[in-house]
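Here the structure comes first, spelled out in structure tokens, and everything after it is commentary.
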Amino acid sequence: MVDRVYIPLLRAAVEKAQRGPKPPVATVTQESAVRNQSKRSRSAEARKELKRAERKRRKVEENEKSTSSGQVDLAAVLETLGVAMKPKPQLLAINTVERMKALELDESFDLDQCPPQMAVRKLLSKATEQQKALDMKRLPFVTMNLREFLPGWCADASPVLAAHGTAESANSHKGVLDPVTWRLAWSRFALAAAMVGTMPMDAAMIHRTEVNKLTLEGRTMGGRRVNLGIVYDEVCRRKWSEYSQALKDEFNISDVVEDVAERAKMKE
């Protein structure tokens with residue numbers, strides 16, 4: 001009798017242990033809460049998408065309005081594309097003709113020899129920027145590519161655009177100028193430097209004489225020394241600009257040029 005009752009109970013216990021615990025059965029309330037939560041998340045995502053689409057649509061409409069009126073709002077287009085627009089650098093203004101007359105340079109040079117207006121403005125802006133950055137009392141000596149001072153009819157001219165600011169022009173580096181073109185460019189650079197106040201005219205003329213001497217010596221030597229004087233000028237202007245920034249107001253371009261000329265005479 002005991003076996004008949006005990007054995008079936010034992011078998012049922014073993015089968016129950018093998019099956020494991022029954023998974024919890026979700027109630028109707030729990031299922032409803034899960035469905036409501038998923039609906040709310042989907043509706044929130046949908047609202048965000050609608051807001052983003054509405055913002056894009058408004059920007060496109062604004063751009064279309066500006067385009068239809070014939071004036072494209074570049075700032076709005078770049079903002080739509082997510083591109084930050086840098087402010088255009090402004091070049092300082094200078095009246096070259098009045099400056100030539102004030103310095104009495106018009107008596108030695110014709111107005112036709114006046115350097116390009118944009119090149120003079122760029123030289124003035126560049127010198128003023130360095131003066132403010134270095135906290136100097138007077139304008140430092142700054143150099144530029146001489147191609148920018150050539151007249152427009154010259155094939156080697158590199159025009160200066162206002163959008164370029166004080167940076168070098170895109171076609172500023174085309175190799176060394178030939179001696180004739182260099183003298184044409186240097187005379188205009190010297191005038192511009194005298195107008196701005198970065199290099200006196202007498203110092204510029206002394207330097208031109210030294211460059212001409214080295215150019216003639218290089219021609220007699222031949223080979224790669226034909227452009228000796230032009231390369232010498234580029235090295236001088238670069239070093240003068242570096243010394244001017246390092247020594248600040250203690251640097252005097254006239255003293256440096258005269259000292260170099262005196263040393264050259266002693267070696268002759």
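Chain labels run A, B, ... following the order of the structure tokens; each chain numbers its residues from 1, and ligands are numbered from 1 in the order shown.
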If we count only C-alpha atoms, what is near Leu139 in chain A at a cut-off of 12 Å, once residues fewer than 5 positions away on the same chain are taken out, given as a list in words?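 Here the qualifying residues turn out to be Leu123, Leu124, Ser125, Lys126, Ala127, Thr128, Glu129, Gln130, Gln131, Lys132, Ala133, Leu134, Ala193, Ala194, Met195, Val196, Gly197, Thr198, Met199, Pro200, Ser241, Ser244, Gln245, Lys248, Asp249, Glu250, Phe251, Asn252 and Ile253 of chain A.
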May I have the residues within 10 Å of range 104-116 of chain A as a list in words, using only C-alpha atoms and disregarding those fewer than 6 positions away in the same chain?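 Listing them by chain and then by number gives Thr96, Val97, Glu98, Glu148, Phe149, Leu150, Pro151, Gly152, Pro159, Val160, Leu184, Ala185, Trp186, Ser187, Arg188, Phe189, Ala190, Leu191, Ala192, Ala194, Met195 and Met201 of chain A.
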Can you spit out the residues from that selection as a PDB file, in the first residue's frame, using C-alpha atoms?
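Done, and the output landed in result08.pdb:
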```
ATOM      1  CA  THR A  96      49.834 106.314 -53.366  1.00  0.00           C
ATOM      2  CA  VAL A  97      49.858 109.489 -55.474  1.00  0.00           C
ATOM      3  CA  GLU A  98      49.500 111.743 -52.433  1.00  0.00           C
ATOM      4  CA  GLU A 148      53.177  91.476 -56.949  1.00  0.00           C
ATOM      5  CA  PHE A 149      54.749  94.879 -57.652  1.00  0.00           C
ATOM      6  CA  LEU A 150      55.195  94.342 -61.375  1.00  0.00           C
ATOM      7  CA  PRO A 151      52.880  96.278 -63.718  1.00  0.00           C
ATOM      8  CA  GLY A 152      49.974  94.423 -65.246  1.00  0.00           C
ATOM      9  CA  PRO A 159      48.221  90.430 -59.168  1.00  0.00           C
ATOM     10  CA  VAL A 160      47.090  90.976 -55.592  1.00  0.00           C
ATOM     11  CA  LEU A 184      61.496  96.763 -62.747  1.00  0.00           C
ATOM     12  CA  ALA A 185      59.929  95.129 -59.700  1.00  0.00           C
ATOM     13  CA  TRP A 186      62.461  96.492 -57.183  1.00  0.00           C
ATOM     14  CA  SER A 187      61.949 100.114 -58.204  1.00  0.00           C
ATOM     15  CA  ARG A 188      58.218  99.733 -57.475  1.00  0.00           C
ATOM     16  CA  PHE A 189      58.785  97.799 -54.254  1.00  0.00           C
ATOM     17  CA  ALA A 190      61.199 100.511 -53.092  1.00  0.00           C
ATOM     18  CA  LEU A 191      58.585 103.183 -53.794  1.00  0.00           C
ATOM     19  CA  ALA A 192      55.958 101.207 -51.908  1.00  0.00           C
ATOM     20  CA  ALA A 194      59.105 104.369 -48.828  1.00  0.00           C
ATOM     21  CA  MET A 195      55.411 105.315 -48.970  1.00  0.00           C
ATOM     22  CA  MET A 201      64.451 105.208 -50.522  1.00  0.00           C
TER      23      MET A 201
END
```
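Pairwise distance (CA of Asp178 in chain A, CA of Asn227 in chain A) equals 7.4 Å.
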At what distance in Å, to one decimal, does CA of Thr181 in chain A lie from CA of Ala157 in chain A?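 Separating CA of Ala157 in chain A from CA of Thr181 in chain A is a distance of 9.6 Å.
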Report the distance between CA of Pro179 in chain A and CA of Glu234 in chain A in Å, rounded to one decimal place.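 CA of Pro179 in chain A sits 12.7 Å away from CA of Glu234 in chain A.
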